[in-house]
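final-v6.cif (mmCIF, N, CA and C atoms, pLDDT in the B column; chains and numbers go by the auth columns) appears below.
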```
data_run
#
loop_
_atom_site.group_PDB
_atom_site.id
_atom_site.type_symbol
_atom_site.label_atom_id
_atom_site.label_comp_id
_atom_site.label_asym_id
_atom_site.label_seq_id
_atom_site.Cartn_x
_atom_site.Cartn_y
_atom_site.Cartn_z
_atom_site.B_iso_or_equiv
_atom_site.auth_seq_id
_atom_site.auth_asym_id
ATOM 1 N N MET A 1 1.715 3.735 -13.502 46.00 1 A
ATOM 2 C CA MET A 1 0.474 3.189 -12.994 46.00 1 A
ATOM 3 C C MET A 1 -0.539 4.310 -12.824 46.00 1 A
ATOM 4 N N ARG A 2 -1.726 4.108 -13.314 58.00 2 A
ATOM 5 C CA ARG A 2 -2.773 5.112 -13.214 58.00 2 A
ATOM 6 C C ARG A 2 -3.460 5.011 -11.866 58.00 2 A
ATOM 7 N N PHE A 3 -3.748 6.155 -11.253 70.00 3 A
ATOM 8 C CA PHE A 3 -4.387 6.209 -9.950 70.00 3 A
ATOM 9 C C PHE A 3 -5.896 6.343 -10.129 70.00 3 A
ATOM 10 N N THR A 4 -6.644 5.521 -9.425 81.00 4 A
ATOM 11 C CA THR A 4 -8.097 5.616 -9.450 81.00 4 A
ATOM 12 C C THR A 4 -8.579 5.838 -8.025 81.00 4 A
ATOM 13 N N TYR A 5 -9.149 6.999 -7.787 86.00 5 A
ATOM 14 C CA TYR A 5 -9.668 7.317 -6.456 86.00 5 A
ATOM 15 C C TYR A 5 -10.965 6.569 -6.218 86.00 5 A
ATOM 16 N N ASP A 6 -11.102 5.990 -5.040 88.00 6 A
ATOM 17 C CA ASP A 6 -12.313 5.272 -4.651 88.00 6 A
ATOM 18 C C ASP A 6 -12.757 5.832 -3.307 88.00 6 A
ATOM 19 N N ALA A 7 -13.885 6.519 -3.269 86.00 7 A
ATOM 20 C CA ALA A 7 -14.377 7.184 -2.055 86.00 7 A
ATOM 21 C C ALA A 7 -14.689 6.205 -0.933 86.00 7 A
ATOM 22 N N ARG A 8 -14.806 4.927 -1.230 89.00 8 A
ATOM 23 C CA ARG A 8 -15.100 3.938 -0.188 89.00 8 A
ATOM 24 C C ARG A 8 -13.849 3.468 0.533 89.00 8 A
ATOM 25 N N ARG A 9 -12.677 3.786 -0.033 90.00 9 A
ATOM 26 C CA ARG A 9 -11.404 3.367 0.567 90.00 9 A
ATOM 27 C C ARG A 9 -10.859 4.435 1.499 90.00 9 A
ATOM 28 N N SER A 10 -9.870 4.057 2.271 92.00 10 A
ATOM 29 C CA SER A 10 -9.177 4.989 3.160 92.00 10 A
ATOM 30 C C SER A 10 -7.772 5.243 2.614 92.00 10 A
ATOM 31 N N TYR A 11 -7.284 6.469 2.847 93.00 11 A
ATOM 32 C CA TYR A 11 -5.980 6.889 2.335 93.00 11 A
ATOM 33 C C TYR A 11 -5.215 7.644 3.412 93.00 11 A
ATOM 34 N N ARG A 12 -3.903 7.472 3.417 91.00 12 A
ATOM 35 C CA ARG A 12 -3.029 8.329 4.205 91.00 12 A
ATOM 36 C C ARG A 12 -2.686 9.522 3.329 91.00 12 A
ATOM 37 N N LEU A 13 -2.524 10.692 3.932 91.00 13 A
ATOM 38 C CA LEU A 13 -2.123 11.893 3.213 91.00 13 A
ATOM 39 C C LEU A 13 -0.686 12.198 3.582 91.00 13 A
ATOM 40 N N ILE A 14 0.193 12.093 2.618 93.00 14 A
ATOM 41 C CA ILE A 14 1.620 12.266 2.830 93.00 14 A
ATOM 42 C C ILE A 14 2.048 13.605 2.229 93.00 14 A
ATOM 43 N N SER A 15 2.704 14.440 3.043 92.00 15 A
ATOM 44 C CA SER A 15 3.169 15.742 2.578 92.00 15 A
ATOM 45 C C SER A 15 4.245 15.567 1.515 92.00 15 A
ATOM 46 N N LEU A 16 4.094 16.255 0.390 94.00 16 A
ATOM 47 C CA LEU A 16 5.115 16.195 -0.650 94.00 16 A
ATOM 48 C C LEU A 16 6.352 16.992 -0.249 94.00 16 A
ATOM 49 N N ASP A 17 6.208 17.933 0.692 93.00 17 A
ATOM 50 C CA ASP A 17 7.348 18.743 1.144 93.00 17 A
ATOM 51 C C ASP A 17 8.349 17.937 1.951 93.00 17 A
ATOM 52 N N ASP A 18 7.844 17.150 2.934 92.00 18 A
ATOM 53 C CA ASP A 18 8.770 16.474 3.838 92.00 18 A
ATOM 54 C C ASP A 18 8.516 14.975 3.999 92.00 18 A
ATOM 55 N N GLY A 19 7.522 14.442 3.312 93.00 19 A
ATOM 56 C CA GLY A 19 7.249 13.013 3.368 93.00 19 A
ATOM 57 C C GLY A 19 6.575 12.542 4.641 93.00 19 A
ATOM 58 N N ARG A 20 6.150 13.465 5.475 90.00 20 A
ATOM 59 C CA ARG A 20 5.499 13.095 6.741 90.00 20 A
ATOM 60 C C ARG A 20 4.004 12.871 6.553 90.00 20 A
ATOM 61 N N LEU A 21 3.440 12.068 7.457 88.00 21 A
ATOM 62 C CA LEU A 21 2.003 11.856 7.484 88.00 21 A
ATOM 63 C C LEU A 21 1.331 13.155 7.903 88.00 21 A
ATOM 64 N N ALA A 22 0.426 13.657 7.062 86.00 22 A
ATOM 65 C CA ALA A 22 -0.234 14.932 7.325 86.00 22 A
ATOM 66 C C ALA A 22 -1.686 14.748 7.743 86.00 22 A
ATOM 67 N N GLY A 23 -2.244 13.591 7.473 85.00 23 A
ATOM 68 C CA GLY A 23 -3.639 13.345 7.816 85.00 23 A
ATOM 69 C C GLY A 23 -4.124 12.075 7.166 85.00 23 A
ATOM 70 N N GLN A 24 -5.439 11.900 7.210 88.00 24 A
ATOM 71 C CA GLN A 24 -6.048 10.720 6.619 88.00 24 A
ATOM 72 C C GLN A 24 -7.327 11.119 5.907 88.00 24 A
ATOM 73 N N LEU A 25 -7.656 10.364 4.900 91.00 25 A
ATOM 74 C CA LEU A 25 -8.908 10.513 4.188 91.00 25 A
ATOM 75 C C LEU A 25 -9.621 9.186 4.376 91.00 25 A
ATOM 76 N N LEU A 26 -10.601 9.168 5.261 89.00 26 A
ATOM 77 C CA LEU A 26 -11.297 7.942 5.616 89.00 26 A
ATOM 78 C C LEU A 26 -12.678 7.948 4.981 89.00 26 A
ATOM 79 N N CYS A 27 -12.847 7.140 3.960 88.00 27 A
ATOM 80 C CA CYS A 27 -14.118 7.061 3.228 88.00 27 A
ATOM 81 C C CYS A 27 -14.618 8.446 2.831 88.00 27 A
ATOM 82 N N GLY A 28 -13.714 9.271 2.323 89.00 28 A
ATOM 83 C CA GLY A 28 -14.061 10.594 1.833 89.00 28 A
ATOM 84 C C GLY A 28 -14.004 11.703 2.854 89.00 28 A
ATOM 85 N N GLN A 29 -13.887 11.383 4.145 89.00 29 A
ATOM 86 C CA GLN A 29 -13.815 12.391 5.201 89.00 29 A
ATOM 87 C C GLN A 29 -12.351 12.725 5.480 89.00 29 A
ATOM 88 N N LEU A 30 -12.016 14.015 5.460 87.00 30 A
ATOM 89 C CA LEU A 30 -10.645 14.462 5.692 87.00 30 A
ATOM 90 C C LEU A 30 -10.389 14.629 7.184 87.00 30 A
ATOM 91 N N TYR A 31 -9.305 14.013 7.660 82.00 31 A
ATOM 92 C CA TYR A 31 -8.848 14.148 9.038 82.00 31 A
ATOM 93 C C TYR A 31 -7.432 14.707 8.983 82.00 31 A
ATOM 94 N N ILE A 32 -7.209 15.860 9.593 75.00 32 A
ATOM 95 C CA ILE A 32 -5.891 16.489 9.607 75.00 32 A
ATOM 96 C C ILE A 32 -5.225 16.179 10.938 75.00 32 A
ATOM 97 N N MET A 33 -3.949 15.827 10.906 66.00 33 A
ATOM 98 C CA MET A 33 -3.205 15.523 12.122 66.00 33 A
ATOM 99 C C MET A 33 -2.893 16.810 12.873 66.00 33 A
ATOM 100 N N VAL A 34 -3.081 16.783 14.194 61.00 34 A
ATOM 101 C CA VAL A 34 -2.747 17.917 15.048 61.00 34 A
ATOM 102 C C VAL A 34 -1.608 17.466 15.939 61.00 34 A
ATOM 103 N N ALA A 35 -0.457 18.080 15.777 58.00 35 A
ATOM 104 C CA ALA A 35 0.737 17.645 16.497 58.00 35 A
ATOM 105 C C ALA A 35 0.636 17.937 17.982 58.00 35 A
ATOM 106 N N GLY A 36 0.924 16.918 18.777 54.00 36 A
ATOM 107 C CA GLY A 36 1.133 17.100 20.197 54.00 36 A
ATOM 108 C C GLY A 36 -0.077 17.222 21.100 54.00 36 A
ATOM 109 N N ASP A 37 -1.300 17.182 20.594 58.00 37 A
ATOM 110 C CA ASP A 37 -2.411 17.361 21.518 58.00 37 A
ATOM 111 C C ASP A 37 -2.955 16.040 22.052 58.00 37 A
ATOM 112 N N GLY A 38 -2.579 14.911 21.446 56.00 38 A
ATOM 113 C CA GLY A 38 -2.948 13.608 21.964 56.00 38 A
ATOM 114 C C GLY A 38 -4.397 13.210 21.748 56.00 38 A
ATOM 115 N N THR A 39 -5.158 13.990 21.018 60.00 39 A
ATOM 116 C CA THR A 39 -6.555 13.648 20.778 60.00 39 A
ATOM 117 C C THR A 39 -6.738 13.123 19.363 60.00 39 A
ATOM 118 N N GLN A 40 -7.808 12.394 19.186 60.00 40 A
ATOM 119 C CA GLN A 40 -8.143 11.882 17.857 60.00 40 A
ATOM 120 C C GLN A 40 -8.619 13.047 16.992 60.00 40 A
ATOM 121 N N PRO A 41 -8.074 13.193 15.792 61.00 41 A
ATOM 122 C CA PRO A 41 -8.501 14.301 14.941 61.00 41 A
ATOM 123 C C PRO A 41 -9.963 14.165 14.523 61.00 41 A
ATOM 124 N N ALA A 42 -10.630 15.291 14.364 64.00 42 A
ATOM 125 C CA ALA A 42 -12.025 15.320 13.943 64.00 42 A
ATOM 126 C C ALA A 42 -12.102 15.535 12.432 64.00 42 A
ATOM 127 N N PRO A 43 -13.189 15.073 11.814 70.00 43 A
ATOM 128 C CA PRO A 43 -13.306 15.308 10.371 70.00 43 A
ATOM 129 C C PRO A 43 -13.400 16.797 10.079 70.00 43 A
ATOM 130 N N TYR A 44 -12.774 17.203 8.998 74.00 44 A
ATOM 131 C CA TYR A 44 -12.674 18.614 8.659 74.00 44 A
ATOM 132 C C TYR A 44 -13.435 18.952 7.389 74.00 44 A
ATOM 133 N N ALA A 45 -13.451 18.039 6.451 89.00 45 A
ATOM 134 C CA ALA A 45 -14.057 18.301 5.153 89.00 45 A
ATOM 135 C C ALA A 45 -14.372 16.984 4.462 89.00 45 A
ATOM 136 N N GLN A 46 -15.068 17.081 3.339 91.00 46 A
ATOM 137 C CA GLN A 46 -15.472 15.924 2.550 91.00 46 A
ATOM 138 C C GLN A 46 -14.919 16.065 1.134 91.00 46 A
ATOM 139 N N LEU A 47 -14.291 14.997 0.627 92.00 47 A
ATOM 140 C CA LEU A 47 -13.810 14.974 -0.752 92.00 47 A
ATOM 141 C C LEU A 47 -14.859 14.282 -1.599 92.00 47 A
ATOM 142 N N GLU A 48 -15.411 15.016 -2.544 87.00 48 A
ATOM 143 C CA GLU A 48 -16.386 14.460 -3.468 87.00 48 A
ATOM 144 C C GLU A 48 -15.845 14.648 -4.869 87.00 48 A
ATOM 145 N N ASP A 49 -15.629 13.528 -5.557 83.00 49 A
ATOM 146 C CA ASP A 49 -14.993 13.531 -6.874 83.00 49 A
ATOM 147 C C ASP A 49 -13.628 14.189 -6.764 83.00 49 A
ATOM 148 N N ASP A 50 -13.478 15.409 -7.240 92.00 50 A
ATOM 149 C CA ASP A 50 -12.161 16.052 -7.179 92.00 50 A
ATOM 150 C C ASP A 50 -12.178 17.352 -6.390 92.00 50 A
ATOM 151 N N GLN A 51 -13.246 17.613 -5.635 95.00 51 A
ATOM 152 C CA GLN A 51 -13.339 18.844 -4.859 95.00 51 A
ATOM 153 C C GLN A 51 -13.444 18.550 -3.371 95.00 51 A
ATOM 154 N N LEU A 52 -12.621 19.242 -2.591 94.00 52 A
ATOM 155 C CA LEU A 52 -12.624 19.117 -1.143 94.00 52 A
ATOM 156 C C LEU A 52 -13.392 20.302 -0.577 94.00 52 A
ATOM 157 N N ARG A 53 -14.482 20.019 0.134 94.00 53 A
ATOM 158 C CA ARG A 53 -15.337 21.079 0.668 94.00 53 A
ATOM 159 C C ARG A 53 -15.583 20.878 2.159 94.00 53 A
ATOM 160 N N THR A 54 -15.693 22.019 2.876 90.00 54 A
ATOM 161 C CA THR A 54 -16.052 21.966 4.289 90.00 54 A
ATOM 162 C C THR A 54 -17.513 21.574 4.406 90.00 54 A
ATOM 163 N N THR A 55 -17.948 21.303 5.628 82.00 55 A
ATOM 164 C CA THR A 55 -19.349 20.969 5.836 82.00 55 A
ATOM 165 C C THR A 55 -20.259 22.138 5.484 82.00 55 A
ATOM 166 N N ALA A 56 -19.725 23.364 5.500 85.00 56 A
ATOM 167 C CA ALA A 56 -20.492 24.539 5.099 85.00 56 A
ATOM 168 C C ALA A 56 -20.531 24.702 3.579 85.00 56 A
ATOM 169 N N GLY A 57 -19.785 23.871 2.844 91.00 57 A
ATOM 170 C CA GLY A 57 -19.785 23.913 1.391 91.00 57 A
ATOM 171 C C GLY A 57 -18.687 24.745 0.759 91.00 57 A
ATOM 172 N N ASP A 58 -17.776 25.294 1.576 93.00 58 A
ATOM 173 C CA ASP A 58 -16.674 26.104 1.041 93.00 58 A
ATOM 174 C C ASP A 58 -15.627 25.210 0.387 93.00 58 A
ATOM 175 N N LEU A 59 -15.205 25.582 -0.822 96.00 59 A
ATOM 176 C CA LEU A 59 -14.161 24.842 -1.531 96.00 59 A
ATOM 177 C C LEU A 59 -12.813 25.159 -0.896 96.00 59 A
ATOM 178 N N ILE A 60 -12.126 24.111 -0.398 94.00 60 A
ATOM 179 C CA ILE A 60 -10.837 24.340 0.262 94.00 60 A
ATOM 180 C C ILE A 60 -9.692 23.578 -0.385 94.00 60 A
ATOM 181 N N GLY A 61 -10.000 22.748 -1.372 95.00 61 A
ATOM 182 C CA GLY A 61 -8.941 22.018 -2.038 95.00 61 A
ATOM 183 C C GLY A 61 -9.444 21.260 -3.247 95.00 61 A
ATOM 184 N N CYS A 62 -8.505 20.764 -4.027 96.00 62 A
ATOM 185 C CA CYS A 62 -8.832 20.008 -5.234 96.00 62 A
ATOM 186 C C CYS A 62 -7.908 18.809 -5.343 96.00 62 A
ATOM 187 N N ARG A 63 -8.428 17.746 -5.933 94.00 63 A
ATOM 188 C CA ARG A 63 -7.645 16.537 -6.160 94.00 63 A
ATOM 189 C C ARG A 63 -7.411 16.383 -7.648 94.00 63 A
ATOM 190 N N GLU A 64 -6.157 16.073 -8.006 93.00 64 A
ATOM 191 C CA GLU A 64 -5.817 15.718 -9.373 93.00 64 A
ATOM 192 C C GLU A 64 -5.022 14.436 -9.287 93.00 64 A
ATOM 193 N N ALA A 65 -5.597 13.355 -9.802 90.00 65 A
ATOM 194 C CA ALA A 65 -5.017 12.016 -9.697 90.00 65 A
ATOM 195 C C ALA A 65 -4.794 11.690 -8.221 90.00 65 A
ATOM 196 N N ASP A 66 -3.536 11.466 -7.799 92.00 66 A
ATOM 197 C CA ASP A 66 -3.285 11.088 -6.404 92.00 66 A
ATOM 198 C C ASP A 66 -2.761 12.247 -5.563 92.00 66 A
ATOM 199 N N ILE A 67 -2.913 13.486 -6.037 94.00 67 A
ATOM 200 C CA ILE A 67 -2.439 14.657 -5.296 94.00 67 A
ATOM 201 C C ILE A 67 -3.628 15.531 -4.889 94.00 67 A
ATOM 202 N N LEU A 68 -3.703 15.824 -3.603 94.00 68 A
ATOM 203 C CA LEU A 68 -4.717 16.717 -3.053 94.00 68 A
ATOM 204 C C LEU A 68 -4.011 18.015 -2.687 94.00 68 A
ATOM 205 N N THR A 69 -4.455 19.136 -3.262 95.00 69 A
ATOM 206 C CA THR A 69 -3.834 20.429 -3.004 95.00 69 A
ATOM 207 C C THR A 69 -4.801 21.304 -2.224 95.00 69 A
ATOM 208 N N LEU A 70 -4.331 21.817 -1.080 92.00 70 A
ATOM 209 C CA LEU A 70 -5.144 22.692 -0.255 92.00 70 A
ATOM 210 C C LEU A 70 -5.013 24.122 -0.757 92.00 70 A
ATOM 211 N N ARG A 71 -6.125 24.786 -0.940 93.00 71 A
ATOM 212 C CA ARG A 71 -6.120 26.118 -1.563 93.00 71 A
ATOM 213 C C ARG A 71 -5.433 27.172 -0.704 93.00 71 A
ATOM 214 N N ARG A 72 -5.754 27.243 0.576 91.00 72 A
ATOM 215 C CA ARG A 72 -5.246 28.334 1.412 91.00 72 A
ATOM 216 C C ARG A 72 -3.736 28.296 1.569 91.00 72 A
ATOM 217 N N THR A 73 -3.192 27.121 1.804 90.00 73 A
ATOM 218 C CA THR A 73 -1.756 27.003 2.059 90.00 73 A
ATOM 219 C C THR A 73 -0.961 26.572 0.830 90.00 73 A
ATOM 220 N N GLY A 74 -1.630 25.987 -0.142 93.00 74 A
ATOM 221 C CA GLY A 74 -0.934 25.458 -1.301 93.00 74 A
ATOM 222 C C GLY A 74 -0.247 24.131 -1.028 93.00 74 A
ATOM 223 N N ALA A 75 -0.465 23.569 0.161 91.00 75 A
ATOM 224 C CA ALA A 75 0.154 22.290 0.520 91.00 75 A
ATOM 225 C C ALA A 75 -0.335 21.197 -0.418 91.00 75 A
ATOM 226 N N ALA A 76 0.599 20.391 -0.889 95.00 76 A
ATOM 227 C CA ALA A 76 0.283 19.263 -1.752 95.00 76 A
ATOM 228 C C ALA A 76 0.459 17.967 -0.976 95.00 76 A
ATOM 229 N N LEU A 77 -0.565 17.132 -0.985 94.00 77 A
ATOM 230 C CA LEU A 77 -0.571 15.886 -0.229 94.00 77 A
ATOM 231 C C LEU A 77 -0.824 14.721 -1.182 94.00 77 A
ATOM 232 N N ARG A 78 0.001 13.695 -1.061 94.00 78 A
ATOM 233 C CA ARG A 78 -0.168 12.508 -1.892 94.00 78 A
ATOM 234 C C ARG A 78 -1.103 11.534 -1.187 94.00 78 A
ATOM 235 N N LEU A 79 -2.108 11.041 -1.898 94.00 79 A
ATOM 236 C CA LEU A 79 -3.005 10.033 -1.349 94.00 79 A
ATOM 237 C C LEU A 79 -2.357 8.667 -1.494 94.00 79 A
ATOM 238 N N GLU A 80 -2.198 7.985 -0.386 93.00 80 A
ATOM 239 C CA GLU A 80 -1.592 6.654 -0.378 93.00 80 A
ATOM 240 C C GLU A 80 -2.623 5.689 0.191 93.00 80 A
ATOM 241 N N PRO A 81 -3.139 4.751 -0.615 92.00 81 A
ATOM 242 C CA PRO A 81 -4.171 3.846 -0.135 92.00 81 A
ATOM 243 C C PRO A 81 -3.710 3.041 1.089 92.00 81 A
ATOM 244 N N VAL A 82 -4.631 2.886 2.033 88.00 82 A
ATOM 245 C CA VAL A 82 -4.392 2.065 3.220 88.00 82 A
ATOM 246 C C VAL A 82 -4.919 0.678 2.874 88.00 82 A
ATOM 247 N N GLU A 83 -4.067 -0.304 2.998 78.00 83 A
ATOM 248 C CA GLU A 83 -4.473 -1.673 2.701 78.00 83 A
ATOM 249 C C GLU A 83 -5.441 -2.154 3.773 78.00 83 A
ATOM 250 N N PRO A 84 -6.488 -2.897 3.343 68.00 84 A
ATOM 251 C CA PRO A 84 -7.476 -3.407 4.318 68.00 84 A
ATOM 252 C C PRO A 84 -6.884 -4.425 5.267 68.00 84 A
#
```
Since I need it in another form, could you write the structure as structure tokens?
Amino acid sequence: MRFTYDARRSYRLISLDDGRLAGQLLCGQLYIMVAGDGTQPAPYAQLEDDQLRTTAGDLIGCREADILTLRRTGAALRLEPVEP
């Protein structure tokens, strides 16, 4: 099945290393989960087409099909669509 990214949809980000929920991509805004602090995560970056950039414009990751790879850590996250 071919993956088609839609910036208007929301996605869960699942770690390819351990299968755990690592964050969410809500209408293109990246939210990273922070373990144990009990607060709602804040948006960290914006995914536009296949490039993930901070609000300052720094490139921090790239998307290829349904995999988002973070540059600094090399972490690979699978985008899993959230059903409406």
Practice problem: Within stretch 13-63 of chain A, find each residue whose DSSP state, derived from the backbone, is strand (DSSP E or B), and express the selection as an MDAnalysis selection string. | Solution: chainID A and resid 13:15 21:26 29:32 43:48 51:54 59:63
Quiz item: To one decimal place, how far is atom C of A:Asp18 from atom N of A:Ala76 in Å?
Solution: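 Separation of atom C of A:Asp18 and atom N of A:Ala76: 10.8 Å.
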Exercise. Name all residues at most 6.5 Å from A:Leu77 (count only N, CA and C atoms; drop same-chain ones fewer than 2 positions away) and give them as a count of residues only.
Key: 11
Practice problem: Identify which of the residues A:Arg8, A:Phe3, A:Arg53, A:Leu59 lies closest to A:Leu26, counting all atoms listed in the file when measuring atom-to-atom distances. | Solution: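 Smallest separation from A:Leu26 among the options: A:Arg8.
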Self-check item: Using only C-alpha atoms: which of A:Leu47, A:Val82, A:Ala65, A:Leu52 has the shortest distance to A:Gly28
Solution: A:Leu47
Quiz item: What lies within 5 Å of A:Gly23 using only N, CA and C atoms, ignoring chain neighbours under 5 positions off, as a PyMOL selection string?
Solution: chain A and resi 12-13+31-33
Quiz item: Hey, what's within 8 Å of stretch 48-51 of chain A if we count only C-alpha atoms and toss same-chain stuff fewer than 2 positions away? As a ChimeraX atom specification, please?
Solution: /A:7,28,46,53,59-64
